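Student: My structure is below; once you've seen it, I'll send some questions.
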Amino acid sequence: MNSVGIANTYAATMQAQTTQGLQSEMMKMAAQQDANLVALLQQGAESLEAAQAAPSEGLGTQVDVTV
């Protein structure tokens, strides 16, 4: 194998490693964004459950129907 072939092989190998590294980082970033979204949705659901479970004092627990 001549020196040009070795250089081309080295360049192709480096390009493949760089591409693989970038893809890995992009997948990590996407996974982190998904995890953040899930956490946000869970927080919203917990907040909604808390608001529905116990109304604020003086709201919605008794109705005065005396006339």
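Just remember, in the structure tokens the first chain shown is A, the second B, etc., residues are 1-based per chain, and ligands are 1-based in the order shown.
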Got a sec to tell me which of chain A DSSP assigns to helix (DSSP H, G or I), as a PyMOL selection string?
Tutor: chain A and resi 3-53
Student: Generate the output file for the selected residues, N, CA and C atoms, as a compact mmCIF listing (two decimals), in the first residue's frame.
Tutor:
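Full text of part.txt as output:
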```txt
# COMPACT_ATOMS: atom_id res chain seq x y z
N SER A 3 1.74 5.49 0.22
CA SER A 3 1.48 6.50 1.25
C SER A 3 0.16 7.24 1.03
N VAL A 4 -0.26 7.40 -0.23
CA VAL A 4 -1.54 8.06 -0.51
C VAL A 4 -2.69 7.19 -0.02
N GLY A 5 -2.60 5.92 -0.23
CA GLY A 5 -3.64 5.01 0.25
C GLY A 5 -3.74 5.00 1.77
N ILE A 6 -2.59 5.02 2.43
CA ILE A 6 -2.57 5.06 3.89
C ILE A 6 -3.19 6.37 4.39
N ALA A 7 -2.85 7.47 3.75
CA ALA A 7 -3.40 8.77 4.15
C ALA A 7 -4.91 8.81 3.93
N ASN A 8 -5.38 8.26 2.81
CA ASN A 8 -6.82 8.22 2.54
C ASN A 8 -7.55 7.35 3.57
N THR A 9 -6.96 6.23 3.92
CA THR A 9 -7.57 5.35 4.91
C THR A 9 -7.63 6.04 6.27
N TYR A 10 -6.55 6.72 6.64
CA TYR A 10 -6.52 7.44 7.91
C TYR A 10 -7.58 8.55 7.93
N ALA A 11 -7.69 9.29 6.84
CA ALA A 11 -8.68 10.37 6.77
C ALA A 11 -10.09 9.82 6.86
N ALA A 12 -10.36 8.73 6.18
CA ALA A 12 -11.69 8.12 6.23
C ALA A 12 -12.01 7.62 7.64
N THR A 13 -11.02 7.03 8.28
CA THR A 13 -11.21 6.54 9.65
C THR A 13 -11.50 7.69 10.61
N MET A 14 -10.75 8.76 10.48
CA MET A 14 -10.97 9.92 11.35
C MET A 14 -12.35 10.54 11.11
N GLN A 15 -12.76 10.60 9.85
CA GLN A 15 -14.07 11.15 9.53
C GLN A 15 -15.17 10.27 10.13
N ALA A 16 -15.02 8.97 10.05
CA ALA A 16 -16.02 8.05 10.61
C ALA A 16 -16.10 8.20 12.12
N GLN A 17 -14.94 8.34 12.78
CA GLN A 17 -14.93 8.51 14.23
C GLN A 17 -15.59 9.83 14.64
N THR A 18 -15.31 10.87 13.88
CA THR A 18 -15.92 12.18 14.17
C THR A 18 -17.43 12.12 13.99
N THR A 19 -17.87 11.50 12.92
CA THR A 19 -19.31 11.37 12.65
C THR A 19 -19.98 10.58 13.77
N GLN A 20 -19.36 9.49 14.17
CA GLN A 20 -19.93 8.66 15.23
C GLN A 20 -19.99 9.43 16.55
N GLY A 21 -18.97 10.19 16.85
CA GLY A 21 -18.96 11.00 18.06
C GLY A 21 -20.05 12.06 18.06
N LEU A 22 -20.23 12.72 16.93
CA LEU A 22 -21.28 13.73 16.82
C LEU A 22 -22.67 13.11 16.96
N GLN A 23 -22.88 11.97 16.34
CA GLN A 23 -24.16 11.29 16.45
C GLN A 23 -24.45 10.90 17.90
N SER A 24 -23.42 10.43 18.58
CA SER A 24 -23.58 10.06 19.99
C SER A 24 -23.97 11.27 20.84
N GLU A 25 -23.31 12.38 20.63
CA GLU A 25 -23.63 13.60 21.38
C GLU A 25 -25.04 14.09 21.07
N MET A 26 -25.45 14.02 19.83
CA MET A 26 -26.80 14.46 19.47
C MET A 26 -27.85 13.55 20.11
N MET A 27 -27.58 12.27 20.17
CA MET A 27 -28.52 11.35 20.82
C MET A 27 -28.60 11.63 22.32
N LYS A 28 -27.47 11.95 22.96
CA LYS A 28 -27.48 12.29 24.37
C LYS A 28 -28.29 13.57 24.61
N MET A 29 -28.12 14.55 23.73
CA MET A 29 -28.86 15.80 23.88
C MET A 29 -30.35 15.56 23.71
N ALA A 30 -30.73 14.75 22.74
CA ALA A 30 -32.15 14.45 22.52
C ALA A 30 -32.74 13.71 23.72
N ALA A 31 -31.98 12.79 24.28
CA ALA A 31 -32.45 12.05 25.45
C ALA A 31 -32.63 12.99 26.64
N GLN A 32 -31.72 13.93 26.80
CA GLN A 32 -31.84 14.89 27.90
C GLN A 32 -33.06 15.79 27.72
N GLN A 33 -33.32 16.21 26.48
CA GLN A 33 -34.50 17.02 26.22
C GLN A 33 -35.78 16.24 26.51
N ASP A 34 -35.79 14.96 26.14
CA ASP A 34 -36.95 14.12 26.44
C ASP A 34 -37.14 13.98 27.94
N ALA A 35 -36.05 13.78 28.68
CA ALA A 35 -36.14 13.65 30.13
C ALA A 35 -36.66 14.94 30.76
N ASN A 36 -36.21 16.08 30.25
CA ASN A 36 -36.70 17.37 30.77
C ASN A 36 -38.19 17.54 30.50
N LEU A 37 -38.64 17.12 29.34
CA LEU A 37 -40.06 17.22 29.00
C LEU A 37 -40.89 16.32 29.90
N VAL A 38 -40.43 15.11 30.14
CA VAL A 38 -41.15 14.19 31.02
C VAL A 38 -41.22 14.77 32.43
N ALA A 39 -40.13 15.34 32.92
CA ALA A 39 -40.13 15.94 34.26
C ALA A 39 -41.11 17.10 34.33
N LEU A 40 -41.16 17.90 33.29
CA LEU A 40 -42.10 19.03 33.26
C LEU A 40 -43.54 18.54 33.27
N LEU A 41 -43.83 17.51 32.48
CA LEU A 41 -45.19 16.96 32.46
C LEU A 41 -45.57 16.34 33.80
N GLN A 42 -44.63 15.65 34.44
CA GLN A 42 -44.91 15.08 35.75
C GLN A 42 -45.17 16.16 36.78
N GLN A 43 -44.40 17.23 36.73
CA GLN A 43 -44.59 18.33 37.67
C GLN A 43 -45.97 18.97 37.46
N GLY A 44 -46.36 19.14 36.21
CA GLY A 44 -47.68 19.71 35.92
C GLY A 44 -48.80 18.80 36.40
N ALA A 45 -48.65 17.50 36.21
CA ALA A 45 -49.67 16.54 36.65
C ALA A 45 -49.77 16.54 38.16
N GLU A 46 -48.64 16.58 38.86
CA GLU A 46 -48.66 16.62 40.32
C GLU A 46 -49.30 17.90 40.83
N SER A 47 -49.02 18.99 40.17
CA SER A 47 -49.61 20.27 40.56
C SER A 47 -51.12 20.25 40.36
N LEU A 48 -51.56 19.68 39.26
CA LEU A 48 -53.00 19.58 38.99
C LEU A 48 -53.68 18.68 40.01
N GLU A 49 -53.06 17.56 40.34
CA GLU A 49 -53.64 16.66 41.33
C GLU A 49 -53.75 17.34 42.69
N ALA A 50 -52.73 18.10 43.06
CA ALA A 50 -52.75 18.79 44.35
C ALA A 50 -53.85 19.86 44.37
N ALA A 51 -54.03 20.54 43.27
CA ALA A 51 -55.05 21.58 43.20
C ALA A 51 -56.45 20.98 43.24
N GLN A 52 -56.63 19.82 42.64
CA GLN A 52 -57.94 19.18 42.64
C GLN A 52 -58.23 18.47 43.95
N ALA A 53 -57.21 17.97 44.63
CA ALA A 53 -57.40 17.19 45.84
C ALA A 53 -57.84 18.07 47.02
```
